[in-house]
Structures are given as structure tokens and as C-alpha cells.
>>> print(open('coords-v5.cif').read())   # mmCIF, C-alpha atoms
data_my_file
loop_
_atom_site.group_PDB
_atom_site.id
_atom_site.type_symbol
_atom_site.label_atom_id
_atom_site.label_comp_id
_atom_site.auth_asym_id
_atom_site.auth_seq_id
_atom_site.Cartn_x
_atom_site.Cartn_y
_atom_site.Cartn_z
ATOM 1 C CA MET A 1 0.000 0.000 0.000
ATOM 2 C CA TYR A 2 1.198 3.519 -0.845
ATOM 3 C CA PHE A 3 0.972 6.919 0.841
ATOM 4 C CA ASP A 4 1.013 9.958 -1.444
ATOM 5 C CA THR A 5 2.257 12.523 1.062
ATOM 6 C CA HIS A 6 1.911 15.517 -1.261
ATOM 7 C CA ALA A 7 -0.673 16.038 -4.009
ATOM 8 C CA HIS A 8 -2.931 18.815 -5.303
ATOM 9 C CA TYR A 9 -6.255 17.252 -6.261
ATOM 10 C CA ASP A 10 -7.969 20.593 -5.754
ATOM 11 C CA PHE A 11 -6.188 21.954 -8.853
ATOM 12 C CA PRO A 12 -8.213 22.527 -12.057
ATOM 13 C CA GLN A 13 -6.342 19.776 -13.925
ATOM 14 C CA PHE A 14 -8.599 17.321 -12.058
ATOM 15 C CA ASP A 15 -11.916 19.116 -12.485
ATOM 16 C CA LYS A 16 -13.190 16.761 -15.199
ATOM 17 C CA ASP A 17 -12.546 13.431 -13.476
ATOM 18 C CA ARG A 18 -11.648 14.088 -9.827
ATOM 19 C CA ASP A 19 -14.428 11.995 -8.323
ATOM 20 C CA ALA A 20 -13.824 9.016 -10.598
ATOM 21 C CA LEU A 21 -10.106 9.152 -9.976
ATOM 22 C CA LEU A 22 -10.438 9.266 -6.205
ATOM 23 C CA SER A 23 -13.227 6.703 -5.926
ATOM 24 C CA GLU A 24 -12.222 4.127 -8.516
ATOM 25 C CA ILE A 25 -8.731 4.383 -9.977
ATOM 26 C CA LEU A 26 -6.667 5.124 -6.896
ATOM 27 C CA PRO A 27 -8.003 2.330 -4.651
ATOM 28 C CA GLU A 28 -7.248 -0.127 -7.451
ATOM 29 C CA SER A 29 -3.662 1.190 -7.485
ATOM 30 C CA GLY A 30 -3.001 0.371 -3.840
ATOM 31 C CA VAL A 31 -3.080 3.975 -2.629
ATOM 32 C CA GLU A 32 -4.059 3.964 1.036
ATOM 33 C CA LEU A 33 -3.630 7.616 2.021
ATOM 34 C CA ILE A 34 -3.222 11.020 0.391
ATOM 35 C CA VAL A 35 -2.357 14.408 1.826
ATOM 36 C CA ASN A 36 -3.774 17.216 -0.285
ATOM 37 C CA VAL A 37 -1.456 20.167 0.194
ATOM 38 C CA GLY A 38 -2.664 23.753 0.368
ATOM 39 C CA SER A 39 -0.619 26.223 -1.658
ATOM 40 C CA SER A 40 -2.718 29.375 -1.352
ATOM 41 C CA MET A 41 -5.413 30.722 0.935
ATOM 42 C CA GLU A 42 -8.167 29.480 -1.354
ATOM 43 C CA GLY A 43 -6.286 26.263 -2.059
ATOM 44 C CA SER A 44 -6.073 25.609 1.661
ATOM 45 C CA ARG A 45 -9.835 25.884 1.942
ATOM 46 C CA ARG A 46 -10.312 23.556 -1.035
ATOM 47 C CA SER A 47 -7.908 21.040 0.502
ATOM 48 C CA LEU A 48 -9.971 20.895 3.665
ATOM 49 C CA GLU A 49 -13.133 20.445 1.622
ATOM 50 C CA LEU A 50 -11.568 17.442 -0.101
ATOM 51 C CA ALA A 51 -10.480 16.008 3.239
ATOM 52 C CA GLU A 52 -14.020 16.365 4.543
ATOM 53 C CA SER A 53 -15.385 14.516 1.508
ATOM 54 C CA TRP A 54 -12.912 11.630 1.322
ATOM 55 C CA THR A 55 -11.952 9.406 4.250
ATOM 56 C CA ARG A 56 -8.508 8.609 2.895
ATOM 57 C CA ILE A 57 -7.551 12.237 2.241
ATOM 58 C CA TYR A 58 -6.012 14.609 4.776
ATOM 59 C CA ALA A 59 -5.079 18.233 4.225
ATOM 60 C CA THR A 60 -2.501 20.897 4.935
ATOM 61 C CA VAL A 61 -3.035 24.652 4.976
ATOM 62 C CA GLY A 62 -0.421 27.151 3.902
ATOM 63 C CA VAL A 63 0.746 29.572 1.238
ATOM 64 C CA HIS A 64 3.385 28.768 -1.404
ATOM 65 C CA PRO A 65 6.170 31.361 -1.808
ATOM 66 C CA SER A 66 4.874 32.317 -5.261
ATOM 67 C CA ASP A 67 1.755 33.650 -3.509
ATOM 68 C CA ALA A 68 3.618 35.049 -0.495
ATOM 69 C CA GLU A 69 1.901 38.430 -0.529
ATOM 70 C CA SER A 70 -1.486 36.864 0.237
ATOM 71 C CA VAL A 71 -0.696 35.189 3.570
ATOM 72 C CA ASP A 72 -3.424 35.679 6.176
ATOM 73 C CA ILE A 73 -2.092 34.185 9.399
ATOM 74 C CA ALA A 74 -5.306 34.615 11.380
ATOM 75 C CA GLU A 75 -7.275 32.750 8.705
ATOM 76 C CA LEU A 76 -4.635 30.039 8.404
ATOM 77 C CA GLU A 77 -4.776 29.513 12.143
ATOM 78 C CA ARG A 78 -8.541 29.135 11.942
ATOM 79 C CA LEU A 79 -8.239 26.639 9.081
ATOM 80 C CA ALA A 80 -5.487 24.717 10.870
ATOM 81 C CA ALA A 81 -7.908 23.911 13.700
ATOM 82 C CA HIS A 82 -9.764 21.524 11.382
ATOM 83 C CA PRO A 83 -9.398 17.925 12.667
ATOM 84 C CA LYS A 84 -8.104 16.700 9.311
ATOM 85 C CA CYS A 85 -5.439 19.404 8.948
ATOM 86 C CA VAL A 86 -2.145 17.576 9.527
ATOM 87 C CA ALA A 87 0.445 20.270 8.762
ATOM 88 C CA ILE A 88 1.211 23.830 7.685
ATOM 89 C CA GLY A 89 2.266 24.029 4.064
ATOM 90 C CA GLU A 90 3.333 24.239 1.530
ATOM 91 C CA ILE A 91 5.553 27.090 2.608
ATOM 92 C CA GLY A 92 9.126 27.984 1.736
ATOM 93 C CA LEU A 93 11.307 29.873 -0.729
ATOM 94 C CA ASP A 94 11.394 29.845 -4.525
ATOM 95 C CA TYR A 95 14.048 31.781 -6.443
ATOM 96 C CA HIS A 96 13.377 30.223 -9.840
ATOM 97 C CA TYR A 97 11.238 32.958 -11.372
ATOM 98 C CA ALA A 98 12.676 36.447 -11.840
ATOM 99 C CA ASP A 99 9.200 37.986 -11.617
ATOM 100 C CA GLY A 100 8.249 36.151 -8.419
ATOM 101 C CA PRO A 101 7.698 37.877 -5.063
ATOM 102 C CA ALA A 102 10.706 39.735 -3.700
ATOM 103 C CA ARG A 103 12.895 37.722 -1.376
ATOM 104 C CA ASP A 104 12.092 39.857 1.665
ATOM 105 C CA VAL A 105 8.378 39.236 1.021
ATOM 106 C CA GLN A 106 9.020 35.501 0.801
ATOM 107 C CA PHE A 107 11.075 35.625 4.023
ATOM 108 C CA ASP A 108 8.281 37.393 5.888
ATOM 109 C CA ALA A 109 5.627 34.956 4.641
ATOM 110 C CA LEU A 110 7.782 31.944 5.482
ATOM 111 C CA ARG A 111 8.739 33.106 8.967
ATOM 112 C CA SER A 112 5.163 34.011 9.848
ATOM 113 C CA GLN A 113 3.976 30.528 8.832
ATOM 114 C CA MET A 114 6.863 28.833 10.640
ATOM 115 C CA ARG A 115 5.894 30.760 13.774
ATOM 116 C CA LEU A 116 2.313 29.591 13.309
ATOM 117 C CA ALA A 117 3.459 25.965 13.049
ATOM 118 C CA GLN A 118 5.595 26.408 16.142
ATOM 119 C CA ARG A 119 2.717 27.897 18.106
ATOM 120 C CA LEU A 120 0.295 25.165 17.043
ATOM 121 C CA GLY A 121 2.736 22.278 17.320
ATOM 122 C CA LYS A 122 2.190 21.402 13.643
ATOM 123 C CA ARG A 123 4.591 19.872 11.155
ATOM 124 C CA VAL A 124 5.475 21.876 8.029
ATOM 125 C CA VAL A 125 5.700 21.022 4.339
ATOM 126 C CA PHE A 126 8.614 23.004 2.916
ATOM 127 C CA HIS A 127 9.042 24.088 -0.702
ATOM 128 C CA ASN A 128 12.646 24.879 -1.603
ATOM 129 C CA ARG A 129 13.551 25.757 -5.171
ATOM 130 C CA GLU A 130 17.002 27.142 -5.922
ATOM 131 C CA ALA A 131 17.136 28.570 -2.386
ATOM 132 C CA HIS A 132 19.018 25.871 -0.472
ATOM 133 C CA GLU A 133 21.203 28.103 1.698
ATOM 134 C CA ASP A 134 18.456 30.527 2.748
ATOM 135 C CA SER A 135 15.961 27.702 3.300
ATOM 136 C CA LEU A 136 18.349 25.893 5.629
ATOM 137 C CA ALA A 137 19.100 29.129 7.488
ATOM 138 C CA ILE A 138 15.420 29.655 8.256
ATOM 139 C CA VAL A 139 14.976 26.015 9.277
ATOM 140 C CA ARG A 140 17.762 26.575 11.798
ATOM 141 C CA GLU A 141 15.893 29.602 13.193
ATOM 142 C CA PHE A 142 13.040 27.308 14.282
ATOM 143 C CA PRO A 143 14.595 24.308 16.058
ATOM 144 C CA ASP A 144 11.225 23.363 17.568
ATOM 145 C CA VAL A 145 9.587 22.963 14.149
ATOM 146 C CA CYS A 146 9.827 19.641 12.309
ATOM 147 C CA GLY A 147 9.010 19.336 8.651
ATOM 148 C CA VAL A 148 9.650 17.706 5.308
ATOM 149 C CA PHE A 149 11.540 19.125 2.333
ATOM 150 C CA HIS A 150 9.134 18.083 -0.387
ATOM 151 C CA CYS A 151 10.209 17.336 -3.963
ATOM 152 C CA TYR A 152 13.775 17.193 -2.737
ATOM 153 C CA SER A 153 16.312 18.695 -5.154
ATOM 154 C CA GLY A 154 19.392 19.274 -3.018
ATOM 155 C CA ASN A 155 22.578 17.313 -2.469
ATOM 156 C CA LEU A 156 23.474 14.693 0.123
ATOM 157 C CA GLU A 157 25.149 17.180 2.447
ATOM 158 C CA LEU A 158 21.990 19.299 2.726
ATOM 159 C CA ALA A 159 19.803 16.222 3.173
ATOM 160 C CA MET A 160 21.944 14.873 6.004
ATOM 161 C CA GLU A 161 21.958 18.244 7.752
ATOM 162 C CA LEU A 162 18.171 18.385 7.562
ATOM 163 C CA VAL A 163 17.884 14.843 8.909
ATOM 164 C CA GLY A 164 20.202 15.827 11.739
ATOM 165 C CA LEU A 165 17.771 18.611 12.591
ATOM 166 C CA GLY A 166 14.910 16.104 12.758
ATOM 167 C CA TRP A 167 13.471 16.713 9.291
ATOM 168 C CA TYR A 168 12.208 14.308 6.620
ATOM 169 C CA ILE A 169 12.920 14.150 2.881
ATOM 170 C CA SER A 170 10.271 13.434 0.238
ATOM 171 C CA PHE A 171 10.838 12.309 -3.346
ATOM 172 C CA THR A 172 8.760 12.769 -6.492
ATOM 173 C CA GLY A 173 8.898 11.256 -9.955
ATOM 174 C CA VAL A 174 12.109 13.198 -10.555
ATOM 175 C CA VAL A 175 13.988 10.254 -8.982
ATOM 176 C CA THR A 176 13.041 8.191 -12.039
ATOM 177 C CA PHE A 177 14.536 10.665 -14.526
ATOM 178 C CA LYS A 178 17.891 10.073 -16.223
ATOM 179 C CA ASN A 179 18.875 13.604 -15.158
ATOM 180 C CA ALA A 180 17.988 13.032 -11.497
ATOM 181 C CA GLY A 181 21.372 14.395 -10.428
ATOM 182 C CA ALA A 182 22.370 13.543 -6.861
ATOM 183 C CA LEU A 183 19.007 12.024 -5.931
ATOM 184 C CA PRO A 184 20.025 8.347 -6.257
ATOM 185 C CA GLU A 185 22.936 9.003 -3.882
ATOM 186 C CA VAL A 186 20.662 10.848 -1.449
ATOM 187 C CA VAL A 187 18.040 8.078 -1.481
ATOM 188 C CA ALA A 188 20.665 5.416 -0.851
ATOM 189 C CA ALA A 189 22.293 7.241 2.076
ATOM 190 C CA LEU A 190 19.317 8.531 4.057
ATOM 191 C CA PRO A 191 18.234 6.841 7.293
ATOM 192 C CA PRO A 192 15.282 4.573 6.443
ATOM 193 C CA ASP A 193 12.909 6.352 8.840
ATOM 194 C CA ARG A 194 13.180 9.743 7.081
ATOM 195 C CA ILE A 195 12.109 8.923 3.509
ATOM 196 C CA MET A 196 8.659 9.638 2.080
ATOM 197 C CA LEU A 197 6.984 9.335 -1.333
ATOM 198 C CA GLU A 198 4.909 11.949 -3.122
ATOM 199 C CA THR A 199 3.605 12.707 -6.577
ATOM 200 C CA ASP A 200 3.147 16.498 -6.400
ATOM 201 C CA ALA A 201 0.225 15.702 -8.706
ATOM 202 C CA PRO A 202 -0.679 16.973 -11.238
ATOM 203 C CA TYR A 203 3.022 17.737 -11.817
ATOM 204 C CA LEU A 204 6.239 15.712 -12.210
ATOM 205 C CA ALA A 205 4.889 12.418 -13.505
ATOM 206 C CA PRO A 206 7.593 9.736 -13.326
ATOM 207 C CA GLU A 207 8.967 7.631 -16.131
ATOM 208 C CA PRO A 208 7.346 6.010 -18.079
ATOM 209 C CA ASN A 209 4.611 8.666 -17.916
ATOM 210 C CA ARG A 210 6.815 11.751 -17.851
ATOM 211 C CA GLY A 211 5.110 14.777 -19.393
ATOM 212 C CA LYS A 212 1.575 13.555 -18.690
ATOM 213 C CA ARG A 213 -0.766 14.665 -15.929
ATOM 214 C CA ASN A 214 0.402 13.009 -12.745
ATOM 215 C CA ASP A 215 -1.723 11.250 -10.136
ATOM 216 C CA SER A 216 -1.200 8.924 -7.193
ATOM 217 C CA SER A 217 -1.435 5.772 -9.279
ATOM 218 C CA ASN A 218 2.127 6.603 -10.411
ATOM 219 C CA LEU A 219 3.514 6.157 -6.894
ATOM 220 C CA ARG A 220 4.571 2.620 -7.747
ATOM 221 C CA PHE A 221 7.172 3.878 -10.234
ATOM 222 C CA ILE A 222 8.654 6.220 -7.637
ATOM 223 C CA CYS A 223 8.612 3.443 -5.074
ATOM 224 C CA GLU A 224 10.399 1.081 -7.456
ATOM 225 C CA ALA A 225 13.149 3.655 -7.997
ATOM 226 C CA ILE A 226 13.551 4.174 -4.244
ATOM 227 C CA ALA A 227 13.768 0.404 -3.768
ATOM 228 C CA ARG A 228 16.369 0.047 -6.510
ATOM 229 C CA PHE A 229 18.611 2.781 -5.098
ATOM 230 C CA ARG A 230 18.389 1.334 -1.575
ATOM 231 C CA GLY A 231 18.764 -2.294 -2.583
ATOM 232 C CA ILE A 232 15.444 -3.413 -1.107
ATOM 233 C CA THR A 233 12.233 -4.810 -2.544
ATOM 234 C CA PRO A 234 9.476 -2.492 -3.789
ATOM 235 C CA GLU A 235 7.181 -4.027 -1.183
ATOM 236 C CA SER A 236 9.610 -3.093 1.578
ATOM 237 C CA ALA A 237 9.967 0.435 0.196
ATOM 238 C CA ALA A 238 6.185 0.834 0.055
ATOM 239 C CA SER A 239 5.758 -0.360 3.635
ATOM 240 C CA LEU A 240 8.624 1.777 4.890
ATOM 241 C CA THR A 241 7.416 4.987 3.280
ATOM 242 C CA LEU A 242 3.807 4.351 4.284
ATOM 243 C CA GLU A 243 4.786 4.087 7.942
ATOM 244 C CA ASN A 244 7.099 7.097 7.710
ATOM 245 C CA GLY A 245 4.326 9.212 6.223
ATOM 246 C CA LYS A 246 1.813 8.151 8.858
ATOM 247 C CA ARG A 247 4.286 8.900 11.640
ATOM 248 C CA PHE A 248 5.258 12.267 10.183
ATOM 249 C CA TYR A 249 1.669 13.443 9.790
ATOM 250 C CA GLY A 250 0.401 11.792 12.963
ATOM 251 C CA ILE A 251 -2.123 9.595 11.162
ATOM 252 C CA ALA A 252 -3.019 6.384 12.973
#
>>> encode(input="coords-v5.cif", output="C-alpha cells")
Amino acid sequence: MYFDTHAHYDFPQFDKDRDALLSEILPESGVELIVNVGSSMEGSRRSLELAESWTRIYATVGVHPSDAESVDIAELERLAAHPKCVAIGEIGLDYHYADGPARDVQFDALRSQMRLAQRLGKRVVFHNREAHEDSLAIVREFPDVCGVFHCYSGNLELAMELVGLGWYISFTGVVTFKNAGALPEVVAALPPDRIMLETDAPYLAPEPNRGKRNDSSNLRFICEAIARFRGITPESAASLTLENGKRFYGIA
């Protein structure tokens, strides 16, 4: 059984077949749990609505750095009180786009949401794109906050420092790509209790479906890559990452 620890089924790419996908296709693919991740104020509300409608779906609430100017901490705190809200996120830093929010705006949004997670005792889902050094610096500012670097793209040194700080690392379909960079080395070296799987659906579909709309039924390809890099069976990798995800999010 698989746990998709990071997906976006509230996104418009699923508007035409969301119900069929969640009720028919995914159970047949061995997907036991999904966390639908909020990435904006409205997206956070939609994530909670999905979690209310589907037993196997949980939600996070938070604002992605690309939407940093819209953070409403009071509203996020209200949303985070929902019984199926399992974390704050996705939050973080993204330096990829030249026309994105200014870095000081991203810093303010990130710190305010990290403080919220600290106050509420919630885990965080961290988005880090081309901002490794600054992301790690802010993680260090909040030693009481535990989180996961989702869609991990850094090197082994960064991953091991995060693990040393109590954090988790999550991998997408990128680990199946020929240009996966350092990811095979990172997967092989991480402690077994800190690895999680995700799709980031509808994005980052793994090989052999790269370039298509992604969904949780593709978790098996990611799991097979993780198993290959660690020298274990796919069944062991699925069980390991399922338990890690449940422990991280506090899902019984």
C-alpha cells in the first residue's frame, strides 16, 4: 500500500474526473492515504473540503512562496484547527522565477507561517527551489519545528543536515529521470525512517509517464526507484514509506 504525502487534487487539472479518480482508480492502485497540500489561501480551503469529503484524504493549509503576498495568518490559524489538517504548508522559498515575489516578502511569509506551526505544534511542508542556503538558514531559526523538504532537489550534504535537525525528505517522480542528479545518492544514504513518497500531482509524472498529468497511481514507479537505489524490494519500500508518512503526519 502507498501513501502519497503531497498532491494537489484541488487543482483545475482534475476538475473533469476528480471523483472518478479518487473513488475508482486510486483504490485499485493500492493507494491507502493522500495528503492534499494547500498552496494558497483558497487552495487551503479547497484542501480541507476534499479532506471532509474523502476518508482517505487529509489536508494541509499554507501559502506557497509564489503567492507570499497573500498570507493571512489569522485565517490560516482558523483553518489549521480543522481535525483533518495535519500540517502547515506548503511554505518555503522559490528563487526560480525572476518575476516572483521579492525575497524579503518571501522571508516574511515563510517566517510568519513557521511561527504559526511552532505555536500550534504542527509539522510543516517546505518548498525549496534554488534557495538551499536561505531555506536551511530559516529552518535553523526554528529548532522546535519539524518538517519535510518536499520534492527534494538538493545534495546529500543538505539532506543529512536536515535529517540531523529532525526533518524528513520526500521524493517525487524526478527520482526516475535520467537527469535526477544527486538524488540516487541521497536516497541510498538517508536513514530509512526519514524517507517519504509523493507525486506532487498533477506535476512531475515519473517515467514512463513523464510529461503527462500526474496522479497517485504513479507512486509505484517512484517506489520502485527508491527500492532500486536502496537495494530493497518495492514491497519493503512501500511499507517503509507508508509508515514514515503516517508517523510524520500523525495519522493512525
>>> resolve_selection(input="coords-v5.cif", expression="the PyMOL selection byres ((chain A and resi 220-223) around 8)", output="ChimeraX atom specification")
/A:2,171-173,175-176,197,206-207,217-219,224-227,234,237-238
>>> atom_distance(input="coords-v5.cif", atom1="CA of Gly38 (chain A)", atom2="CA of Gly62 (chain A)")
5.4 Å
>>> atom_distance(input="coords-v5.cif", atom1="CA of Tyr9 (chain A)", atom2="CA of Trp167 (chain A)")
25.1 Å
>>> resolve_selection(input="coords-v5.cif", expression="the PyMOL selection byres ((chain A and resi 63-79) around 8)", output="ChimeraX atom specification")
/A:38-41,44-45,61-62,80-82,85,89-94,100-101,105-106,109-110,112-113,116,127
>>> closest_residue(input="coords-v5.cif", among="A:Ser135, A:Thr241, A:Ser29, A:Thr60", to="Pro192 (chain A)", atoms="only C-alpha atoms")
A:Thr241
>>> atom_distance(input="coords-v5.cif", atom1="CA of Val124 (chain A)", atom2="CA of Ala205 (chain A)")
23.5 Å
>>> closest_residue(input="coords-v5.cif", among="A:Phe126, A:Glu52, A:Ser239, A:Ser216", to="Pro27 (chain A)", atoms="all atoms listed in the file")
A:Ser216
>>> axis_aligned_box(input="coords-v5.cif", around="region 140-150 of chain A", padding_each_side="8 Å", output="AutoDock Vina command-line options")
--center_x 13.4 --center_y 23.7 --center_z 8.6 --size_x 24.8 --size_y 27.9 --size_z 34.0
>>> decode(input="coords-v5.cif", residues="region 142-153 of chain A", atoms="N, CA and C atoms", output="PDB file, in the first residue's frame")
ATOM      1  N   PHE A 142      14.208  27.890  13.613  1.00  0.00           N
ATOM      2  CA  PHE A 142      13.040  27.308  14.282  1.00  0.00           C
ATOM      3  C   PHE A 142      13.332  25.865  14.688  1.00  0.00           C
ATOM      4  N   PRO A 143      14.203  25.672  15.672  1.00  0.00           N
ATOM      5  CA  PRO A 143      14.595  24.308  16.058  1.00  0.00           C
ATOM      6  C   PRO A 143      13.451  23.471  16.613  1.00  0.00           C
ATOM      7  N   ASP A 144      12.356  24.113  17.029  1.00  0.00           N
ATOM      8  CA  ASP A 144      11.225  23.363  17.568  1.00  0.00           C
ATOM      9  C   ASP A 144      10.241  22.910  16.493  1.00  0.00           C
ATOM     10  N   VAL A 145      10.492  23.318  15.250  1.00  0.00           N
ATOM     11  CA  VAL A 145       9.587  22.963  14.149  1.00  0.00           C
ATOM     12  C   VAL A 145      10.193  21.812  13.353  1.00  0.00           C
ATOM     13  N   CYS A 146       9.409  20.778  13.135  1.00  0.00           N
ATOM     14  CA  CYS A 146       9.827  19.641  12.309  1.00  0.00           C
ATOM     15  C   CYS A 146       9.039  19.671  11.005  1.00  0.00           C
ATOM     16  N   GLY A 147       9.707  19.317   9.925  1.00  0.00           N
ATOM     17  CA  GLY A 147       9.010  19.336   8.651  1.00  0.00           C
ATOM     18  C   GLY A 147       9.617  18.376   7.651  1.00  0.00           C
ATOM     19  N   VAL A 148       9.148  18.504   6.415  1.00  0.00           N
ATOM     20  CA  VAL A 148       9.650  17.706   5.308  1.00  0.00           C
ATOM     21  C   VAL A 148      10.020  18.651   4.170  1.00  0.00           C
ATOM     22  N   PHE A 149      11.194  18.443   3.581  1.00  0.00           N
ATOM     23  CA  PHE A 149      11.540  19.125   2.333  1.00  0.00           C
ATOM     24  C   PHE A 149      10.920  18.306   1.217  1.00  0.00           C
ATOM     25  N   HIS A 150       9.851  18.838   0.637  1.00  0.00           N
ATOM     26  CA  HIS A 150       9.134  18.083  -0.387  1.00  0.00           C
ATOM     27  C   HIS A 150       9.824  18.275  -1.740  1.00  0.00           C
ATOM     28  N   CYS A 151       9.602  17.312  -2.627  1.00  0.00           N
ATOM     29  CA  CYS A 151      10.209  17.336  -3.963  1.00  0.00           C
ATOM     30  C   CYS A 151      11.693  17.675  -3.842  1.00  0.00           C
ATOM     31  N   TYR A 152      12.400  16.859  -3.088  1.00  0.00           N
ATOM     32  CA  TYR A 152      13.775  17.193  -2.737  1.00  0.00           C
ATOM     33  C   TYR A 152      14.638  17.342  -3.982  1.00  0.00           C
ATOM     34  N   SER A 153      15.464  18.414  -3.990  1.00  0.00           N
ATOM     35  CA  SER A 153      16.312  18.695  -5.154  1.00  0.00           C
ATOM     36  C   SER A 153      17.741  19.032  -4.762  1.00  0.00           C
TER      37      SER A 153
END
